[in-house]
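Novice: Structure supplied as run_0.txt; contents: compact mmCIF, C-alpha atoms.
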# COMPACT_ATOMS: atom_id res chain seq x y z
CA MET W 553 -11.69 -18.72 -58.76
CA VAL W 554 -8.56 -16.92 -59.90
CA THR W 555 -5.27 -18.81 -59.93
CA VAL W 556 -1.83 -17.43 -60.72
CA ILE W 557 0.90 -19.63 -62.15
CA VAL W 558 4.36 -18.32 -61.31
CA ALA W 559 7.01 -19.64 -63.67
CA ALA W 560 10.33 -19.99 -61.85
CA ALA W 561 11.99 -23.04 -63.37
CA GLY W 562 14.42 -21.24 -65.67
CA GLN W 563 18.17 -21.63 -65.35
CA GLY W 564 19.00 -17.93 -65.76
CA LYS W 565 22.40 -18.54 -67.38
CA ARG W 566 22.88 -14.87 -68.25
CA MET W 567 22.80 -13.97 -64.56
CA GLY W 568 26.05 -15.87 -64.08
CA ALA W 569 25.01 -17.04 -60.59
CA SER W 570 25.53 -20.48 -59.09
CA ILE W 571 21.83 -20.76 -58.16
CA ASN W 572 18.50 -20.01 -59.80
CA LYS W 573 18.19 -16.23 -60.12
CA VAL W 574 14.73 -16.24 -58.50
CA LEU W 575 16.36 -17.55 -55.32
CA LEU W 576 18.92 -14.75 -55.19
CA PRO W 577 18.38 -12.13 -52.44
CA LEU W 578 16.71 -8.85 -53.31
CA ALA W 579 16.15 -6.34 -50.51
CA GLY W 580 16.48 -9.04 -47.88
CA GLN W 581 14.41 -11.83 -49.41
CA PRO W 582 14.47 -14.08 -52.49
CA VAL W 583 13.44 -12.52 -55.81
CA LEU W 584 10.61 -15.04 -56.15
CA GLN W 585 9.09 -14.14 -52.80
CA HIS W 586 8.53 -10.50 -53.82
CA SER W 587 6.02 -11.33 -56.55
CA LEU W 588 4.37 -14.05 -54.42
CA GLU W 589 3.75 -11.53 -51.65
CA THR W 590 2.31 -9.03 -54.11
CA PHE W 591 -0.10 -11.60 -55.54
CA SER W 592 -1.03 -12.69 -52.02
CA ALA W 593 -1.83 -9.08 -51.10
CA CYS W 594 -4.30 -8.89 -54.00
CA ALA W 595 -7.85 -9.77 -52.90
CA GLU W 596 -8.75 -11.06 -56.37
CA ILE W 597 -6.20 -13.89 -56.21
CA ASP W 598 -7.40 -17.16 -54.66
CA ASN W 599 -4.37 -19.43 -54.97
CA MET W 600 -0.98 -19.84 -56.58
CA VAL W 601 0.90 -22.57 -58.40
CA ILE W 602 4.67 -22.10 -58.36
CA VAL W 603 6.68 -23.98 -60.97
CA VAL W 604 10.34 -24.59 -60.18
CA ALA W 605 13.04 -26.96 -61.35
CA ALA W 606 12.51 -30.51 -60.08
CA GLU W 607 15.65 -30.38 -57.96
CA GLU W 608 14.51 -27.13 -56.30
CA VAL W 609 11.00 -28.16 -55.24
CA GLU W 610 11.93 -29.09 -51.67
CA GLN W 611 14.15 -26.03 -51.28
CA VAL W 612 11.39 -23.68 -52.39
CA GLN W 613 8.82 -25.42 -50.19
CA ARG W 614 11.08 -24.92 -47.17
CA MET W 615 11.67 -21.29 -48.11
CA LEU W 616 7.98 -20.51 -48.48
CA SER W 617 7.00 -22.36 -45.31
CA ALA W 618 8.79 -19.61 -43.38
CA ALA W 619 7.00 -16.83 -45.26
CA GLU W 620 3.95 -15.16 -43.77
CA ASN W 621 0.63 -14.08 -45.27
CA LEU W 622 0.91 -16.04 -48.52
CA LYS W 623 -2.23 -17.19 -50.32
CA PRO W 624 -2.66 -20.99 -50.60
CA TYR W 625 -0.02 -22.35 -52.94
CA THR W 626 1.25 -25.52 -54.60
CA VAL W 627 4.84 -26.06 -55.73
CA VAL W 628 5.25 -28.27 -58.80
CA ALA W 629 8.21 -29.41 -60.86
CA GLY W 630 8.74 -27.77 -64.22
CA GLY W 631 9.79 -29.21 -67.56
CA SER W 632 12.64 -28.75 -70.01
CA GLU W 633 10.89 -25.77 -71.65
CA ARG W 634 8.82 -22.97 -70.17
CA GLN W 635 5.77 -24.17 -72.08
CA TYR W 636 6.07 -27.64 -70.56
CA SER W 637 6.39 -26.08 -67.09
CA ILE W 638 3.15 -24.15 -67.49
CA ALA W 639 1.47 -27.31 -68.77
CA ASN W 640 2.50 -29.08 -65.56
CA ALA W 641 0.93 -26.26 -63.55
CA LEU W 642 -2.29 -26.35 -65.55
CA ALA W 643 -2.57 -30.05 -64.75
CA VAL W 644 -3.03 -29.33 -61.03
CA ILE W 645 -5.44 -26.41 -61.36
CA SER W 646 -9.02 -26.91 -60.23
CA GLU W 647 -11.69 -27.16 -62.91
CA ASN W 648 -13.58 -24.50 -60.95
CA THR W 649 -10.99 -21.94 -62.02
CA GLU W 650 -12.35 -19.06 -64.04
CA ILE W 651 -9.23 -16.96 -64.70
CA VAL W 652 -5.61 -18.05 -64.90
CA LEU W 653 -2.71 -15.62 -64.66
CA VAL W 654 0.78 -16.59 -65.78
CA HIS W 655 3.67 -14.59 -64.36
CA ASP W 656 7.46 -14.76 -64.59
CA GLY W 657 8.99 -15.36 -61.17
CA ALA W 658 11.89 -13.16 -62.26
CA ARG W 659 9.60 -10.08 -62.39
CA PRO W 660 9.56 -9.16 -58.68
CA LEU W 661 8.31 -5.59 -59.11
CA ILE W 662 4.80 -6.37 -60.31
CA THR W 663 2.11 -4.17 -58.75
CA THR W 664 -1.35 -5.03 -57.46
CA ASN W 665 -2.79 -2.40 -59.79
CA THR W 666 -1.50 -4.27 -62.86
CA ILE W 667 -2.75 -7.57 -61.45
CA LYS W 668 -6.25 -6.20 -60.92
CA CYS W 669 -6.32 -4.66 -64.40
CA VAL W 670 -5.42 -7.86 -66.23
CA ILE W 671 -7.98 -9.87 -64.25
CA LYS W 672 -10.72 -7.37 -64.99
CA GLU W 673 -9.91 -7.24 -68.71
CA ALA W 674 -9.55 -11.03 -68.95
CA ARG W 675 -13.09 -11.49 -67.66
CA GLU W 676 -14.32 -9.25 -70.46
CA HIS W 677 -12.02 -10.14 -73.35
CA GLY W 678 -10.80 -13.65 -72.52
CA ALA W 679 -7.08 -13.02 -73.11
CA VAL W 680 -4.98 -10.12 -71.83
CA VAL W 681 -1.27 -9.28 -71.56
CA ALA W 682 0.49 -6.53 -69.66
CA ALA W 683 2.81 -4.57 -71.95
CA VAL W 684 4.50 -1.19 -72.36
CA PRO W 685 5.10 0.90 -75.49
CA VAL W 686 8.58 0.46 -76.93
CA LYS W 687 10.74 3.53 -76.29
CA ASP W 688 13.62 2.75 -78.63
CA THR W 689 13.63 2.52 -82.40
CA ILE W 690 13.58 -1.15 -83.39
CA LYS W 691 15.24 -2.57 -86.50
CA THR W 692 15.08 -6.03 -88.00
CA VAL W 693 18.52 -7.32 -88.99
CA GLY W 694 19.48 -10.06 -91.42
CA ASP W 695 22.02 -12.83 -90.95
CA ASP W 696 24.52 -10.64 -92.79
CA GLY W 697 24.35 -8.02 -90.04
CA PHE W 698 22.61 -5.41 -92.18
CA VAL W 699 19.30 -3.69 -91.37
CA ARG W 700 16.36 -5.05 -93.28
CA GLU W 701 13.67 -2.67 -92.12
CA THR W 702 12.59 -0.28 -89.37
CA PRO W 703 9.10 -1.06 -88.05
CA ASP W 704 6.84 1.76 -86.95
CA ARG W 705 7.65 2.22 -83.26
CA ASN W 706 4.13 3.42 -82.51
CA ALA W 707 2.78 -0.07 -83.21
CA LEU W 708 5.35 -1.90 -81.05
CA TRP W 709 4.81 -2.96 -77.45
CA ALA W 710 7.16 -4.88 -75.13
CA VAL W 711 5.16 -7.76 -73.64
CA GLN W 712 5.39 -8.48 -69.92
CA THR W 713 3.61 -10.65 -67.41
CA PRO W 714 1.19 -11.25 -65.85
CA GLN W 715 -0.80 -12.52 -68.79
CA ALA W 716 -4.39 -13.43 -67.91
CA PHE W 717 -6.81 -15.79 -69.66
CA LYS W 718 -10.09 -17.47 -69.16
CA TYR W 719 -9.12 -20.94 -68.01
CA SER W 720 -11.00 -22.65 -70.84
CA ILE W 721 -9.13 -20.60 -73.45
CA LEU W 722 -5.66 -21.23 -72.04
CA LYS W 723 -6.35 -24.93 -71.54
CA SER W 724 -7.52 -25.25 -75.16
CA ALA W 725 -4.47 -23.35 -76.39
CA TYR W 726 -2.12 -25.75 -74.61
CA LYS W 727 -3.95 -28.82 -75.95
CA PHE W 728 -3.75 -27.40 -79.46
CA ALA W 729 -0.04 -26.58 -79.10
CA ASP W 730 0.65 -30.10 -77.85
CA LYS W 731 -1.28 -31.61 -80.76
CA MET W 732 0.46 -29.43 -83.36
CA GLY W 733 3.90 -29.70 -81.72
CA PHE W 734 4.85 -26.05 -81.61
CA LEU W 735 6.53 -24.00 -78.88
CA ALA W 736 6.09 -20.30 -78.15
CA THR W 737 7.95 -17.83 -75.96
CA ASP W 738 4.82 -16.71 -74.15
CA ASP W 739 1.31 -17.94 -73.45
CA ALA W 740 -0.41 -15.25 -75.48
CA ALA W 741 1.26 -16.60 -78.63
CA LEU W 742 -0.36 -19.98 -78.02
CA VAL W 743 -3.75 -18.37 -77.55
CA GLU W 744 -3.23 -16.37 -80.75
CA LYS W 745 -2.80 -19.68 -82.60
CA LEU W 746 -6.43 -20.45 -81.68
CA GLY W 747 -7.50 -17.25 -83.39
CA VAL W 748 -8.35 -15.55 -80.08
CA ARG W 749 -7.68 -11.81 -80.00
CA VAL W 750 -5.41 -10.71 -77.17
CA LYS W 751 -6.03 -7.39 -75.42
CA ILE W 752 -3.15 -5.19 -74.25
CA VAL W 753 -3.20 -3.68 -70.76
CA LYS W 754 -0.56 -1.05 -70.11
CA GLY W 755 1.94 -2.33 -67.58
CA SER W 756 4.85 -0.57 -65.94
CA TYR W 757 8.42 0.00 -67.08
CA THR W 758 9.59 -1.08 -63.63
CA ASN W 759 7.98 -4.50 -64.16
CA PHE W 760 11.05 -5.75 -65.99
CA LYS W 761 12.42 -9.27 -65.99
CA ILE W 762 15.64 -9.81 -64.05
CA THR W 763 18.03 -11.40 -66.51
CA THR W 764 21.50 -9.93 -65.86
CA PRO W 765 23.42 -8.67 -62.81
CA GLU W 766 22.67 -5.13 -64.00
CA ASP W 767 18.94 -5.88 -63.80
CA MET W 768 19.38 -7.08 -60.22
CA ALA W 769 21.18 -3.87 -59.25
CA PHE W 770 18.42 -1.78 -60.84
CA ALA W 771 15.72 -3.81 -59.06
CA ASP W 772 17.51 -3.30 -55.76
CA VAL W 773 17.48 0.48 -56.24
CA ILE W 774 13.78 0.51 -57.15
CA THR W 775 12.86 -1.75 -54.23
CA LYS W 776 14.63 0.50 -51.74
CA ARG W 777 13.17 3.62 -53.32
CA GLY W 778 9.70 2.17 -52.89
CA SER W 779 10.19 1.35 -49.24
CA ASP W 780 12.57 2.85 -46.73
CA SER W 781 14.49 5.21 -48.98
CA ASN W 782 11.71 7.82 -48.83
CA MET W 783 11.07 7.25 -45.14
CA VAL W 784 12.73 9.42 -42.51
CA ARG W 785 13.31 7.43 -39.32
CA PHE W 786 13.92 8.89 -35.87
CA GLY W 787 15.75 7.67 -32.80
CA MET W 788 16.34 9.00 -29.31
CA GLY W 789 19.42 8.60 -27.16
CA TYR W 790 20.14 9.34 -23.52
CA ASP W 791 23.28 8.88 -21.45
CA VAL W 792 24.71 10.00 -18.13
CA HIS W 793 28.18 9.76 -16.55
CA ARG W 794 29.51 10.60 -13.12
CA LEU W 795 31.96 13.49 -12.67
CA VAL W 796 35.22 12.48 -10.95
CA GLU W 797 38.62 13.98 -10.32
CA GLY W 798 41.60 12.96 -12.43
CA ARG W 799 39.71 12.55 -15.72
CA LYS W 800 39.52 14.81 -18.76
CA LEU W 801 36.12 16.25 -19.61
CA ILE W 802 35.48 15.30 -23.23
CA LEU W 803 32.22 16.47 -24.82
CA GLY W 804 31.51 16.29 -28.54
CA GLY W 805 35.16 15.39 -29.09
CA VAL W 806 36.28 18.63 -27.42
CA ASP W 807 38.65 18.66 -24.43
CA VAL W 808 36.76 21.07 -22.17
CA PRO W 809 38.86 22.59 -19.35
CA HIS W 810 37.36 21.64 -15.98
CA THR W 811 38.28 20.41 -12.54
CA HIS W 812 36.50 17.11 -13.08
CA GLY W 813 35.98 14.69 -15.93
CA LEU W 814 33.47 11.98 -16.76
CA LEU W 815 34.00 8.41 -15.60
CA GLY W 816 33.57 5.67 -18.17
CA HIS W 817 35.14 2.75 -20.06
CA SER W 818 35.91 4.86 -23.13
CA ASP W 819 36.56 8.59 -23.02
CA ALA W 820 33.06 8.86 -21.47
CA ASP W 821 31.90 11.48 -23.98
CA VAL W 822 28.31 11.54 -22.78
CA LEU W 823 27.14 13.70 -25.71
CA LEU W 824 28.47 11.36 -28.39
CA HIS W 825 27.17 8.33 -26.51
CA ALA W 826 23.66 9.76 -26.63
CA ILE W 827 24.01 10.61 -30.33
CA LYS W 828 25.27 7.12 -31.17
CA ASP W 829 22.35 5.54 -29.33
CA ALA W 830 19.94 7.80 -31.19
CA LEU W 831 21.40 6.81 -34.57
CA LEU W 832 21.37 3.11 -33.76
CA GLY W 833 17.83 3.40 -32.42
CA ALA W 834 16.61 5.12 -35.57
CA ALA W 835 17.96 2.23 -37.63
CA GLY W 836 16.55 -0.37 -35.23
CA LEU W 837 20.03 -1.67 -34.45
CA GLY W 838 20.15 -1.74 -30.66
CA ASP W 839 22.48 0.48 -28.65
CA ILE W 840 26.17 1.18 -28.10
CA GLY W 841 26.38 -1.44 -25.36
CA ARG W 842 25.50 -4.08 -27.94
CA HIS W 843 28.09 -2.94 -30.45
CA PHE W 844 30.86 -1.66 -28.12
CA PRO W 845 30.52 -3.56 -24.80
CA ASP W 846 32.50 -2.27 -21.83
CA SER W 847 33.68 -5.85 -21.29
CA ASP W 848 35.84 -5.46 -24.40
CA ASP W 849 39.22 -3.96 -23.47
CA SER W 850 39.78 -2.80 -27.05
CA TYR W 851 37.34 0.05 -26.33
CA LYS W 852 39.02 1.12 -23.08
CA GLY W 853 39.82 4.82 -23.29
CA ILE W 854 38.91 4.97 -27.00
CA SER W 855 37.79 8.23 -28.57
CA SER W 856 34.02 8.39 -28.93
CA LEU W 857 34.56 10.25 -32.21
CA LEU W 858 36.07 7.04 -33.61
CA LEU W 859 33.10 5.03 -32.38
CA LEU W 860 30.71 7.60 -33.85
CA GLY W 861 32.38 7.01 -37.21
CA ARG W 862 31.86 3.29 -36.75
CA VAL W 863 28.16 3.84 -35.97
CA LYS W 864 27.87 5.79 -39.21
CA GLU W 865 29.37 2.77 -41.02
CA ILE W 866 27.02 0.35 -39.24
CA ILE W 867 23.85 2.17 -40.21
CA GLY W 868 25.30 2.66 -43.71
CA GLU W 869 25.72 -1.09 -44.05
CA HIS W 870 21.95 -1.33 -43.49
CA GLY W 871 21.16 1.26 -46.16
CA TYR W 872 20.75 4.37 -43.99
CA ALA W 873 22.36 7.82 -44.09
CA VAL W 874 22.38 10.51 -41.41
CA ASN W 875 19.88 13.30 -41.92
CA ASN W 876 20.27 15.52 -38.86
CA ILE W 877 21.18 15.54 -35.16
CA ASP W 878 19.69 17.59 -32.32
CA ALA W 879 21.19 17.16 -28.86
CA THR W 880 21.20 18.76 -25.42
CA ILE W 881 23.90 18.55 -22.74
CA VAL W 882 22.67 18.89 -19.15
CA ALA W 883 25.44 20.25 -16.93
CA GLU W 884 25.61 22.81 -14.12
CA LYS W 885 29.31 23.47 -14.71
CA PRO W 886 31.40 24.30 -16.69
CA LYS W 887 29.93 26.87 -19.07
CA LEU W 888 29.78 25.12 -22.44
CA ALA W 889 28.63 27.85 -24.83
CA PRO W 890 32.21 28.64 -26.03
CA PHE W 891 32.70 25.02 -27.13
CA ILE W 892 29.40 24.29 -28.86
CA SER W 893 30.55 25.39 -32.31
CA GLU W 894 33.55 23.05 -32.23
CA MET W 895 31.34 20.18 -31.05
CA ASN W 896 28.97 20.75 -33.96
CA SER W 897 31.90 20.79 -36.36
CA ASN W 898 33.45 17.59 -34.98
CA ILE W 899 30.19 15.67 -35.17
CA ALA W 900 29.31 16.91 -38.66
CA LYS W 901 32.76 15.99 -39.99
CA VAL W 902 32.63 12.44 -38.67
CA LEU W 903 29.06 11.88 -39.88
CA GLY W 904 29.77 13.41 -43.29
CA VAL W 905 26.97 15.98 -43.12
CA GLU W 906 26.84 19.76 -43.31
CA VAL W 907 27.41 21.42 -39.97
CA SER W 908 23.96 23.01 -40.28
CA ARG W 909 22.51 19.52 -39.77
CA VAL W 910 24.02 19.21 -36.29
CA ASN W 911 22.63 21.24 -33.40
CA VAL W 912 24.14 20.84 -29.94
CA LYS W 913 22.69 22.80 -27.02
CA ALA W 914 23.58 23.05 -23.34
CA THR W 915 21.39 23.71 -20.30
CA THR W 916 21.40 23.48 -16.52
CA THR W 917 18.84 22.11 -14.06
CA GLU W 918 18.93 25.20 -11.83
CA GLY W 919 20.72 23.25 -9.12
CA LEU W 920 18.26 20.37 -9.11
CA GLY W 921 19.14 16.68 -9.29
CA PHE W 922 22.51 15.00 -9.86
CA ALA W 923 23.42 17.40 -12.68
CA GLY W 924 22.45 20.41 -10.61
CA GLN W 925 24.51 19.08 -7.71
CA LYS W 926 27.50 18.69 -10.09
CA GLU W 927 27.61 14.94 -9.55
CA GLY W 928 27.39 14.13 -13.23
CA ILE W 929 26.50 15.26 -16.74
CA ALA W 930 23.69 13.93 -18.91
CA ALA W 931 22.88 14.27 -22.59
CA TYR W 932 19.77 13.79 -24.71
CA ALA W 933 19.87 13.34 -28.48
CA VAL W 934 17.42 12.92 -31.31
CA ALA W 935 18.67 11.68 -34.68
CA SER W 936 16.91 11.31 -38.00
CA ILE W 937 18.14 9.04 -40.77
CA LYS W 938 16.91 8.24 -44.26
Represent the structure from my file as structure tokens, please.
Specialist:
Amino acid sequence: MVTVIVAAAGQGKRMGASINKVLLPLAGQPVLQHSLETFSACAEIDNMVIVVAAEEVEQVQRMLSAAENLKPYTVVAGGSERQYSIANALAVISENTEIVLVHDGARPLITTNTIKCVIKEAREHGAVVAAVPVKDTIKTVGDDGFVRETPDRNALWAVQTPQAFKYSILKSAYKFADKMGFLATDDAALVEKLGVRVKIVKGSYTNFKITTPEDMAFADVITKRGSDSNMVRFGMGYDVHRLVEGRKLILGGVDVPHTHGLLGHSDADVLLHAIKDALLGAAGLGDIGRHFPDSDDSYKGISSLLLLGRVKEIIGEHGYAVNNIDATIVAEKPKLAPFISEMNSNIAKVLGVEVSRVNVKATTTEGLGFAGQKEGIAAYAVASIK
């Protein structure tokens, strides 16, 4: 049996937040939940023990009860020091446990590859820590503020978690530490006190511990880069409006001279309506009826170019940017070719993209259907976002 202890009882004073930093949101869910989901996705892990502050036990239990696909877990109260918190977790671990991992809940970017490596090496060597070579030159400094020495950087590694141990070794290390009355900043140091050699497994520089607001911002960037930021999403839009007398014909923000115009609550720009629906669809954010209902008089007669700008803002608020637009207007009359270039330019300007990323076309139905009978105009649009 392999059990992971996730230490999440720290106060995180340097974060400057009003709540425990592991409960702060990162890419839509608490920091703590990221690492728990990664451990749960690892076949080698059997169960988890999560250590939190005593006053946060119920809160964390409620939070995790709503999470899906987590391995079996137990939430326990921590102590006044990290070492005491891990001791509390060890007290509830089954004696059938072979390997114990200890991980900082404030390291949400741990990977399954690192987890598997430390488990494998712990079975062979008994004690393993994930770590990365130090990049910077390190100096030891005296109380007087002057450099004492410069250690050889090639021999220095920055220790991370998870750290993995045979259960019998870690349990003995904690008993010995309790007997001798000493505290350490990590579990490997306690094991070292027993005279057990600790093996290094190369971790990842992205597996850093969130300590400051800057760390949180960096983690947010990495999380998005690893998920949707490299994914191009597509959406399709379609709209149709009836042609009537006494209305202007507005298409792509261009006032097109014609005997009839399109009927609608706004300016009835059928092309922009289709494009807006395509953008919202690509982002999974519904349609224009949801965001700009025709029951709202504030949108009566409004320019669809203004609403297109708002759609750009809406998808931007969810982390997306426009990639390109391809659209087709279906109309028997009037001839639209002279106005296509201006439509492309209007759309590109509002969406903040190069005009080469917008491609509006026009076609007829050879006299067939409502468009062919000049009863209305339709538009199709495909949008990609990233």
Novice: Show me, as a list in words, the residues that have an atom within 12 Å of Ala729 (chain W) when counting only C-alpha atoms, minus same-chain residues fewer than 2 positions from it.
Specialist: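 Once the nearby chain positions are removed, what remains is Gln635, Tyr636, Ala639, Leu722, Lys723, Ser724, Ala725, Tyr726, Lys727, Lys731, Met732, Gly733, Phe734, Leu735, Ala736, Asp739, Ala740, Ala741, Leu742, Val743, Glu744, Lys745 and Leu746 of chain W.
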Novice: Would you save the residues of that selection, restricted to C-alpha atoms, as an mmCIF file, in the coordinates of the input?
Specialist:
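out.cif written:
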data_model
loop_
_atom_site.group_PDB
_atom_site.id
_atom_site.type_symbol
_atom_site.label_atom_id
_atom_site.label_comp_id
_atom_site.auth_asym_id
_atom_site.auth_seq_id
_atom_site.Cartn_x
_atom_site.Cartn_y
_atom_site.Cartn_z
ATOM 1 C CA GLN W 635 5.770 -24.170 -72.080
ATOM 2 C CA TYR W 636 6.070 -27.640 -70.560
ATOM 3 C CA ALA W 639 1.470 -27.310 -68.770
ATOM 4 C CA LEU W 722 -5.660 -21.230 -72.040
ATOM 5 C CA LYS W 723 -6.350 -24.930 -71.540
ATOM 6 C CA SER W 724 -7.520 -25.250 -75.160
ATOM 7 C CA ALA W 725 -4.470 -23.350 -76.390
ATOM 8 C CA TYR W 726 -2.120 -25.750 -74.610
ATOM 9 C CA LYS W 727 -3.950 -28.820 -75.950
ATOM 10 C CA LYS W 731 -1.280 -31.610 -80.760
ATOM 11 C CA MET W 732 0.460 -29.430 -83.360
ATOM 12 C CA GLY W 733 3.900 -29.700 -81.720
ATOM 13 C CA PHE W 734 4.850 -26.050 -81.610
ATOM 14 C CA LEU W 735 6.530 -24.000 -78.880
ATOM 15 C CA ALA W 736 6.090 -20.300 -78.150
ATOM 16 C CA ASP W 739 1.310 -17.940 -73.450
ATOM 17 C CA ALA W 740 -0.410 -15.250 -75.480
ATOM 18 C CA ALA W 741 1.260 -16.600 -78.630
ATOM 19 C CA LEU W 742 -0.360 -19.980 -78.020
ATOM 20 C CA VAL W 743 -3.750 -18.370 -77.550
ATOM 21 C CA GLU W 744 -3.230 -16.370 -80.750
ATOM 22 C CA LYS W 745 -2.800 -19.680 -82.600
ATOM 23 C CA LEU W 746 -6.430 -20.450 -81.680
#
Novice: Considering only C-alpha atoms, tabulate each residue of region 796-904 of chain W that lies at most 12 Å from region 753-776 of chain W along with its nearest interatomic pair and the corresponding distance in Å to one decimal; arrange the rows by chain and ascending residue number and present them as CSV.
Specialist:
residue,atom,partner,partner_atom,distance
W:His870,CA,W:Lys776,CA,11.2
W:Gly871,CA,W:Lys776,CA,8.6
W:Tyr872,CA,W:Lys776,CA,10.6
Novice: Smallest atom-to-atom distance to Asp688 (chain W): which of W:Pro703, W:Gly868, W:Gly798, W:Gly836, using all atoms listed in the file?
Specialist: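 Checking each candidate against Asp688 (chain W), we get W:Pro703 as the closest.
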Novice: Quote the spacing between CA of Asn621 (chain W) and CA of Arg634 (chain W) in Å to one decimal place.
Specialist: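 Calculated distance between CA of Asn621 (chain W) and CA of Arg634 (chain W) is 27.7 Å.
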Novice: What does the distance between CA of Lys687 (chain W) and CA of Val670 (chain W) come to in Å, to one decimal place?
Specialist: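 A separation of 22.2 Å between them.
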Novice: List as an NGL selection string the protein and nucleic acid residues near Ala559 (chain W), meaning an atom at most 6 Å away when all atoms listed in the file are counted, but skip any in the same chain fewer than 2 places from it.
Specialist: :W and (603 or 656-657)
Novice: Save out the residues we just selected, C-alpha atoms, as a PDB file, in the frame of the given file.
Specialist:
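That gives us out-v4.pdb:
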ATOM      1  CA  VAL W 603       6.680 -23.980 -60.970  1.00  0.00           C
ATOM      2  CA  ASP W 656       7.460 -14.760 -64.590  1.00  0.00           C
ATOM      3  CA  GLY W 657       8.990 -15.360 -61.170  1.00  0.00           C
TER       4      GLY W 657
END
Novice: Just the residues within 10 Å of Ile671 (chain W), please, counting only C-alpha atoms, with nothing from its chain fewer than 4 positions along; format it as a ChimeraX atom specification.
Specialist: /W:554,596-597,651-653,666-667,675-681,714-718
Novice: (12.9, -24.2, -62.8) in this file's frame - what residues fall within 10 Å of it? Use only C-alpha atoms and give the answer as an NGL selection string.
Specialist: :W and (559-564 or 572-574 or 602-609 or 628-634 or 637 or 657)
Novice: Choose the residue, out of W:Met553, W:Ala900, W:Ile645, W:Ala658, that has the smallest atom-to-atom separation from Leu575 (chain W); count all atoms listed in the file.
Specialist: W:Ala658
Novice: With distances taken over all atoms listed in the file, which of W:Asn898, W:Thr917, W:Ser847, W:Gln585 is nearest to Ser617 (chain W)?
Specialist: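 Distance minimum relative to Ser617 (chain W) lands on W:Gln585.
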Novice: Rounded to one decimal place, report the CA of Arg705 (chain W)-CA of Val748 (chain W) distance in Å.
Specialist: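 Computed distance, CA of Arg705 (chain W) to CA of Val748 (chain W), equals 24.1 Å.
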